[in-house]
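Here the structure is laid out as structure tokens; the discussion comes afterwards.
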Amino acid sequence: MLRYTLRRLASAVPTVFIIVTLTFFMIRLAPGGPFDLERPLDPLIMANLNRAYNLDGSLWSQYLTYLGNLLQGDLGPSFTRRDFSVNDLFATGLPVSILLGSLALLLATVIGVILGAIAALRQNSSLDYAIVGLATFGITTPNFVVAPLLSLFFGVLLGWLPAGGWSQTDPIYWVLPVLTLALPQVAVIARLVRGATVEALRSNHVRTARAYGLPARTVVIKHALRAAMLPAVSYLGPTAAGLLTGSVVVETIFGLPGIGRYFVQGALGRDYTLVMGTVVVIALFVIVFNLIVDLLYTFLDPRVRYD
Amino acid sequence: MTVTPDPAEVVAVSGRSLWQDAWIRLRRNRAAVASAVVLILLGLVGLFGPMLSPHDHARVYPQFVRVPASLEAYPRADVVLPSFEREMSRARIEGEPVLEDGSVTLALQQDEPIDERILRYFQRSDLFINPRLDLAPDGLSGTLTAEVGQLHFYFGTDALGRDLMSRVFIGVRISLAIGLLASFMALVIGVSYGAISGYLGGRVDNVMMRVVDILYSLPFIFFVILLVVFFGRNLVIIFIAIGATEWLDMARIVRGQTLSLKRQEFVQAAEALGATKAGILRRHIIPNTLGPVVVFVTLLVPKAILLESLLSFLGLGVQEPLTSLGLLISEGANNMRGAPWLLFFPALTLTAILFALNFLGDGLRDSLDPKDR
């Protein structure tokens with residue numbers, strides 16, 4: 001197990017390297033630079049700026065410098081948010097995104113699994129159809145529709161919750177963003193769990209458990225649901241990475257200080273280091289969560305072994 | 001005891017192909033049929049709606065900014081006379097206008113000759129059509145008549161005074177077009193890549209699939225954004241960017257199918273007959289992978305539409321005055337407090353499209369899945 005984990009982490013290194021390289025040269029190929037203004041800067045000032053931000057050498061030497069700094073954990077200074085390094089930006093933004101993302105992940109998993117299991121146990125009942133309908137609605141309604149609607153309804157019309165804004169200490173500000181983030185995931189997880197549970201309830205090992213005379217609750221929870229979690233878990237890997245690294249839509253609509261906005265803002269402002277930093281952080285999250293998923297498999301399905 | 005089948009009976013039962021079978025089962029699925037009908041209707045709306053709509057999607061009506069959705073015609077009766085009086089004060093004429101049978105009449109009496117150019121003010125207004133000035137021979141008195149326009153804004157108008165219904169029609173057209181074109185592009189790349197990789201096998205397959213794996217671990221939505229930011233915001237770039245990022249799953253599915261197909265007898269027979277590799281791929285492999293591919297495409301189209309909507313929402317999609325459903329929704333979200341219909345109609349339309357595509361995809365999967373008979 002430990003050897004497998006280490007091998008997987010080692011094989012992630014070339015992947016991250018390729019991602020960093022691709023992104024680096026893609027951004028530099030793009031027209032325009034971080035210091036382009038409507039009125040061009042004085043050439044001397046431009047040269048100074050380029051020197052200060054290490055943009056004056058050849059592309060190749062800049063790339064090597066960036067790689068060297070990256071290995072030491074230094075993501076470089078932000079070009080558009082002067083006085084901040086990319087590390088500073090992530091240090092303040094990442095906790096917000098992780099907090100909201102993990103709450104949404106927890107909520108989505110719990111509710112999604114419960115709904116999916118209920119729908120599967122009452123297959124073809126009206127409750128089942130209601131859950132499937134709700135799930136389809138959740139999947140097809142994009143979050144940039146859900147977010148303003150929730151904000152309008154609970155924030156403006158009813159006035160129960162703040163329509164937007166952020167407070168690190170007051171959980172009432174977390175409710176709407178977490179709901180928006182969780183809703184589509186609830187829908188997907190419920191659908192995945194329902195399908196897998198329906199199949200698992202018909203499978204041999206569940207029939208055996210029933211034949212042993214185990215109580216219905218044990219059969220469902222310990223035998224059917226455990227097997228039915230597999231597709232949901234493999235879906236949750238990349239999803240968790242996406243949730244924890246923030247959503248540009250949710251952050252824009254609710255005005256949250258997370259890191260989801262940085263990629264789009266960075267790309268628009270040609271903030272090379274900010275874009276690179278976002279890509280690196282997200283790639284790391286994706287790799288780590290895919291690894292966690294593969295390790296979880298061995299707990300959920302004894303047939304899966306990594307040796 | 002053996003029963004010898006009557007030869008006539010054997011001939012009478014003709015075999016059904018996979019597609020006929022699937023078609024019969026699909027027709028029995030009511031949700032899928034209803035979705036197909038909805039999609040065809042929406043497709044027709046996208047194709048012909050903008051032509052049939054009474055307003056151009058880019059036409060601005062400055063006097064009808066943010067009017068609510070309504071089946072009744074604008075302008076409302078109570079705003080006609082005040083608007084007429086406003087135009088009168090601009091034209092520097094005085095009098096008592098009378099509203100009667102959908103037209104306004106004003107008797108003019110002045111000390112100096114009436115300038116015919118005052119008509120311009122009424123021609124320019126969106127509220128009045130065919131303003132007429134009948135002057136008495138002396139030029140000092142006359143009547144000004146103007147019919148009151150009958151403008152219908154069934155979905156209301158936006159913050160600039162453009163008809164929302166025409167804009168939703170255009171949005172449907174653009175969103176469906178991008179969804180279909182991007183999916184088609186993903187289809188072409190994915191199917192040929194997957195089929196070649198699976199059929200050639202060996203080292204070629206290894207390298208090709210490694211490339212797919214690496215591309216998979218890139219945060220790919222971001223590459224769409226990068227492409228669009230760097231290469232400009234036109235329609236072609238948007239659908240190329242989406243198509244170029246959505247082919248990975250397709251390639252994997254087709255490769256898996258190809259791996260099992262290439263060991264089957266009919267492929268070996270073709271090889272034995274000396275068919276070329278390209279010929280076998282084209283004639284035997286690719287047509288047989290199409291079942292799962294068709295299902296996947298119906299799920300890919302809503303993904304592409306959503307991706308385009310997301311780009312438009314972020315301000316990276318199509319550009320004004322052209323519009324897409326995502327752009328309309330983002331405008332609606334900004335105006336939802338004062339003008340909720342601006343969010344309601346585009347959001348409803350987008351949800352309907354995605355809903356129908358999802359149900360159709362599910363129905364196709366059920367009817368094409370050979371396990372599920």
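Ordering of the structure tokens sets the chain letters (A, B, ...); residue numbers start at 1 within each chain; ligands are numbered from 1 in the order shown.
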
Residue set, segment 124-317 of chain B restricted to strand (DSSP E), as an mmCIF file with N, CA, C and O atoms, in the first residue's frame:
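Result file result-v3.cif:
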data_model
loop_
_atom_site.group_PDB
_atom_site.id
_atom_site.type_symbol
_atom_site.label_atom_id
_atom_site.label_comp_id
_atom_site.auth_asym_id
_atom_site.auth_seq_id
_atom_site.Cartn_x
_atom_site.Cartn_y
_atom_site.Cartn_z
ATOM 1 N N PHE B 128 -45.056 56.180 -32.180
ATOM 2 C CA PHE B 128 -46.008 56.632 -33.185
ATOM 3 C C PHE B 128 -45.560 56.206 -34.568
ATOM 4 O O PHE B 128 -44.373 56.183 -34.868
ATOM 5 N N ILE B 129 -46.554 55.836 -35.376
ATOM 6 C CA ILE B 129 -46.211 55.533 -36.761
ATOM 7 C C ILE B 129 -47.057 56.412 -37.681
ATOM 8 O O ILE B 129 -48.139 56.861 -37.304
ATOM 9 N N ASN B 130 -46.527 56.643 -38.872
ATOM 10 C CA ASN B 130 -47.179 57.445 -39.896
ATOM 11 C C ASN B 130 -47.701 58.784 -39.390
ATOM 12 O O ASN B 130 -48.879 59.087 -39.525
ATOM 13 N N PRO B 131 -46.860 59.602 -38.774
ATOM 14 C CA PRO B 131 -47.369 60.933 -38.395
ATOM 15 C C PRO B 131 -47.644 61.750 -39.671
ATOM 16 O O PRO B 131 -46.891 61.644 -40.655
ATOM 17 N N ARG B 132 -48.757 62.491 -39.672
ATOM 18 C CA ARG B 132 -49.167 63.263 -40.843
ATOM 19 C C ARG B 132 -49.467 64.687 -40.420
ATOM 20 O O ARG B 132 -49.994 64.930 -39.331
ATOM 21 N N LEU B 133 -49.147 65.626 -41.275
ATOM 22 C CA LEU B 133 -49.437 67.020 -40.967
ATOM 23 C C LEU B 133 -50.300 67.562 -42.099
ATOM 24 O O LEU B 133 -49.872 67.584 -43.250
ATOM 25 N N ASP B 134 -51.553 67.917 -41.787
ATOM 26 C CA ASP B 134 -52.442 68.512 -42.796
ATOM 27 C C ASP B 134 -52.538 70.002 -42.502
ATOM 28 O O ASP B 134 -53.104 70.401 -41.476
ATOM 29 N N LEU B 135 -51.952 70.811 -43.399
ATOM 30 C CA LEU B 135 -51.902 72.240 -43.157
ATOM 31 C C LEU B 135 -53.036 72.955 -43.885
ATOM 32 O O LEU B 135 -53.430 72.565 -44.992
ATOM 33 N N SER B 141 -52.453 77.132 -39.494
ATOM 34 C CA SER B 141 -53.167 76.139 -38.685
ATOM 35 C C SER B 141 -53.180 74.819 -39.433
ATOM 36 O O SER B 141 -52.926 74.751 -40.629
ATOM 37 N N GLY B 142 -53.455 73.787 -38.687
ATOM 38 C CA GLY B 142 -53.471 72.475 -39.321
ATOM 39 C C GLY B 142 -53.704 71.403 -38.267
ATOM 40 O O GLY B 142 -53.890 71.704 -37.087
ATOM 41 N N THR B 143 -53.707 70.149 -38.691
ATOM 42 C CA THR B 143 -53.855 69.064 -37.727
ATOM 43 C C THR B 143 -52.694 68.098 -37.893
ATOM 44 O O THR B 143 -52.273 67.779 -39.002
ATOM 45 N N LEU B 144 -52.225 67.663 -36.749
ATOM 46 C CA LEU B 144 -51.169 66.664 -36.728
ATOM 47 C C LEU B 144 -51.801 65.373 -36.242
ATOM 48 O O LEU B 144 -52.387 65.341 -35.154
ATOM 49 N N THR B 145 -51.735 64.308 -37.055
ATOM 50 C CA THR B 145 -52.281 63.021 -36.601
ATOM 51 C C THR B 145 -51.156 61.992 -36.659
ATOM 52 O O THR B 145 -50.318 62.018 -37.559
ATOM 53 N N ALA B 146 -51.171 61.109 -35.672
ATOM 54 C CA ALA B 146 -50.192 60.017 -35.656
ATOM 55 C C ALA B 146 -50.861 58.787 -35.083
ATOM 56 O O ALA B 146 -51.571 58.882 -34.071
ATOM 57 N N GLU B 147 -50.667 57.668 -35.762
ATOM 58 C CA GLU B 147 -51.200 56.427 -35.200
ATOM 59 C C GLU B 147 -50.283 55.972 -34.073
ATOM 60 O O GLU B 147 -49.075 56.185 -34.113
ATOM 61 N N VAL B 148 -50.911 55.327 -33.081
ATOM 62 C CA VAL B 148 -50.120 54.787 -31.982
ATOM 63 C C VAL B 148 -49.641 53.395 -32.403
ATOM 64 O O VAL B 148 -50.429 52.568 -32.859
ATOM 65 N N LEU B 151 -46.660 47.659 -30.454
ATOM 66 C CA LEU B 151 -45.451 46.841 -30.342
ATOM 67 C C LEU B 151 -45.666 45.765 -29.289
ATOM 68 O O LEU B 151 -46.135 46.054 -28.183
ATOM 69 N N HIS B 152 -45.340 44.532 -29.642
ATOM 70 C CA HIS B 152 -45.495 43.432 -28.686
ATOM 71 C C HIS B 152 -44.128 43.013 -28.176
ATOM 72 O O HIS B 152 -43.241 42.705 -28.953
#

- Val96 of chain A: which residues within 12 Å, counting only C-alpha atoms, same-chain residues fewer than 5 positions away excluded, as a list in words?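 In the requested format, the answer is Leu89, Phe90, Ala91, Gly101, Ser102, Leu103, Trp166, Ser167, Gln168, Thr169, Pro171, Tyr173, Trp174, Pro177, Val178, Leu243, Leu244, Thr245, Gly246, Ser247, Glu251, Gly255, Leu256, Pro257, Gly258, Ile259 and Gly260 of chain A.
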
Wanna dump the chain A-chain B contacts at 6 Å for me, each residue with its shortest atom pair and the distance in Å to one decimal, counting only C-alpha atoms, ordered by chain and number, as CSV?
residue,atom,partner,partner_atom,distance
A:Ala30,CA,B:Phe230,CA,5.3
A:Thr140,CA,B:Leu354,CA,5.4
A:Thr141,CA,B:Thr351,CA,5.7
A:Pro148,CA,B:Ala333,CA,5.7

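Going from atom CA of Val156 of chain A to atom CA of Trp341 of chain B covers 15.8 Å.
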
- Message: I'd like the contact shell of Arg202 of chain A - 12 Å cut-off, only C-alpha atoms, skipping same-chain residues fewer than 2 positions apart - returned as a PyMOL selection string.
- Response: chain A and resi 120-121+195-200+204-210+219-220+223-224+227-228

- Message: From the options A:Ile45, A:Ala117, A:Asn69, A:Phe263, which residue's atoms come nearest to Arg217 of chain A, counting only C-alpha atoms?
- Response: A:Ala117

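What separates atom CA of Val293 of chain B from atom CA of Ala251 of chain B is a distance of 9.7 Å.
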
- What is the distance, in Å and to one decimal place, between atom CA of Gln319 of chain B and atom CA of Asn234 of chain B?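 Result for atom CA of Gln319 of chain B versus atom CA of Asn234 of chain B: 7.6 Å, one decimal.
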
- Message: Residues near segment 17-22 of chain B, anyone? I mean within 6 Å using only C-alpha atoms, not counting same-chain ones fewer than 3 positions away, as a ChimeraX atom specification.
- Response: /B:25-26,367-368

- Taking the backbone alone, and naming residues the way the document does, which bits of segment 1-137 of chain A are helix (DSSP H, G or I) by DSSP, as JSON, numbers by chain? {"A": [2, 3, 4, 5, 6, 7, 8, 9, 10, 11, 12, 13, 14, 15, 16, 17, 18, 19, 20, 21, 22, 23, 24, 25, 26, 27, 28, 29, 43, 44, 45, 46, 47, 48, 49, 50, 51, 52, 59, 60, 61, 62, 63, 64, 65, 66, 67, 68, 69, 70, 71, 86, 87, 88, 89, 90, 91, 92, 93, 94, 95, 96, 97, 98, 99, 100, 101, 102, 103, 104, 105, 106, 107, 108, 109, 110, 111, 112, 113, 114, 115, 116, 117, 118, 119, 120, 121, 126, 127, 128, 129, 130, 131, 132, 133, 134, 135, 136, 137]}

Preceding selection exported with C-alpha atoms as a CSV table (one decimal), in the first residue's frame:
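Written output follows (selection_9.csv):
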chain,number,residue,atom,x,y,z
A,2,LEU,CA,2.7,2.5,1.0
A,3,ARG,CA,4.8,1.5,-1.9
A,4,TYR,CA,1.9,1.9,-4.2
A,5,THR,CA,1.2,5.4,-2.8
A,6,LEU,CA,4.8,6.4,-3.2
A,7,ARG,CA,5.0,5.1,-6.7
A,8,ARG,CA,1.8,7.0,-7.7
A,9,LEU,CA,3.2,10.2,-6.2
A,10,ALA,CA,6.5,9.7,-8.0
A,11,SER,CA,4.7,9.3,-11.3
A,12,ALA,CA,2.8,12.5,-10.7
A,13,VAL,CA,6.1,14.5,-11.0
A,14,PRO,CA,6.4,14.2,-14.8
A,15,THR,CA,2.7,15.0,-15.2
A,16,VAL,CA,3.1,18.2,-13.2
A,17,PHE,CA,6.2,19.0,-15.1
A,18,ILE,CA,4.4,18.6,-18.5
A,19,ILE,CA,1.5,20.7,-17.3
A,20,VAL,CA,3.8,23.5,-16.1
A,21,THR,CA,5.8,23.5,-19.3
A,22,LEU,CA,2.7,23.5,-21.5
A,23,THR,CA,1.0,26.3,-19.6
A,24,PHE,CA,4.2,28.4,-19.4
A,25,PHE,CA,4.7,28.4,-23.2
A,26,MET,CA,1.0,28.7,-24.0
A,27,ILE,CA,0.7,31.9,-22.0
A,28,ARG,CA,3.9,33.4,-23.5
A,29,LEU,CA,2.7,32.7,-27.0
A,43,PRO,CA,10.4,52.4,-23.0
A,44,LEU,CA,12.8,53.0,-20.1
A,45,ILE,CA,10.1,52.3,-17.5
A,46,MET,CA,9.0,49.3,-19.4
A,47,ALA,CA,12.6,47.9,-19.5
A,48,ASN,CA,12.8,48.5,-15.7
A,49,LEU,CA,9.6,46.8,-15.1
A,50,ASN,CA,10.6,43.8,-17.2
A,51,ARG,CA,13.9,43.6,-15.4
A,52,ALA,CA,12.2,43.8,-12.0
A,59,LEU,CA,12.1,32.8,-22.8
A,60,TRP,CA,14.2,29.7,-22.1
A,61,SER,CA,16.1,31.3,-19.2
A,62,GLN,CA,12.8,32.7,-17.8
A,63,TYR,CA,11.4,29.2,-17.9
A,64,LEU,CA,14.4,27.7,-16.1
A,65,THR,CA,14.2,30.4,-13.5
A,66,TYR,CA,10.5,29.8,-13.0
A,67,LEU,CA,11.1,26.0,-12.6
A,68,GLY,CA,13.9,26.6,-10.1
A,69,ASN,CA,11.7,28.9,-8.0
A,70,LEU,CA,8.8,26.5,-8.3
A,71,LEU,CA,10.9,23.7,-6.9
A,86,VAL,CA,1.2,34.6,-5.7
A,87,ASN,CA,1.9,32.7,-2.5
A,88,ASP,CA,0.3,35.5,-0.5
A,89,LEU,CA,-2.8,35.4,-2.7
A,90,PHE,CA,-3.2,31.7,-2.2
A,91,ALA,CA,-2.4,31.9,1.5
A,92,THR,CA,-5.4,34.2,1.9
A,93,GLY,CA,-7.7,32.8,-0.8
A,94,LEU,CA,-7.2,29.1,-0.5
A,95,PRO,CA,-8.6,28.7,3.1
A,96,VAL,CA,-11.8,30.3,2.0
A,97,SER,CA,-12.2,28.0,-1.1
A,98,ILE,CA,-11.2,24.9,0.9
A,99,LEU,CA,-13.7,25.8,3.7
A,100,LEU,CA,-16.6,26.3,1.3
A,101,GLY,CA,-15.6,23.4,-0.9
A,102,SER,CA,-15.3,20.9,1.8
A,103,LEU,CA,-18.6,21.9,3.4
A,104,ALA,CA,-20.3,21.5,0.0
A,105,LEU,CA,-18.5,18.2,-0.6
A,106,LEU,CA,-19.7,16.9,2.7
A,107,LEU,CA,-23.3,18.1,2.2
A,108,ALA,CA,-23.4,16.8,-1.4
A,109,THR,CA,-22.1,13.4,-0.4
A,110,VAL,CA,-24.4,12.8,2.6
A,111,ILE,CA,-27.6,14.1,0.9
A,112,GLY,CA,-26.7,12.5,-2.5
A,113,VAL,CA,-26.0,9.1,-1.0
A,114,ILE,CA,-29.2,9.2,1.1
A,115,LEU,CA,-31.4,10.3,-1.8
A,116,GLY,CA,-29.8,7.8,-4.2
A,117,ALA,CA,-30.3,4.9,-1.7
A,118,ILE,CA,-33.9,5.8,-1.0
A,119,ALA,CA,-34.7,6.0,-4.7
A,120,ALA,CA,-33.1,2.7,-5.3
A,121,LEU,CA,-34.9,0.9,-2.4
A,126,SER,CA,-43.4,8.1,-7.0
A,127,LEU,CA,-40.7,8.9,-4.5
A,128,ASP,CA,-38.1,7.4,-6.9
A,129,TYR,CA,-39.4,9.5,-9.8
A,130,ALA,CA,-39.4,12.6,-7.7
A,131,ILE,CA,-35.8,12.1,-6.8
A,132,VAL,CA,-34.7,11.3,-10.3
A,133,GLY,CA,-36.6,14.3,-11.6
A,134,LEU,CA,-34.9,16.5,-9.0
A,135,ALA,CA,-31.6,15.1,-9.9
A,136,THR,CA,-32.1,15.8,-13.6
A,137,PHE,CA,-33.1,19.3,-12.7
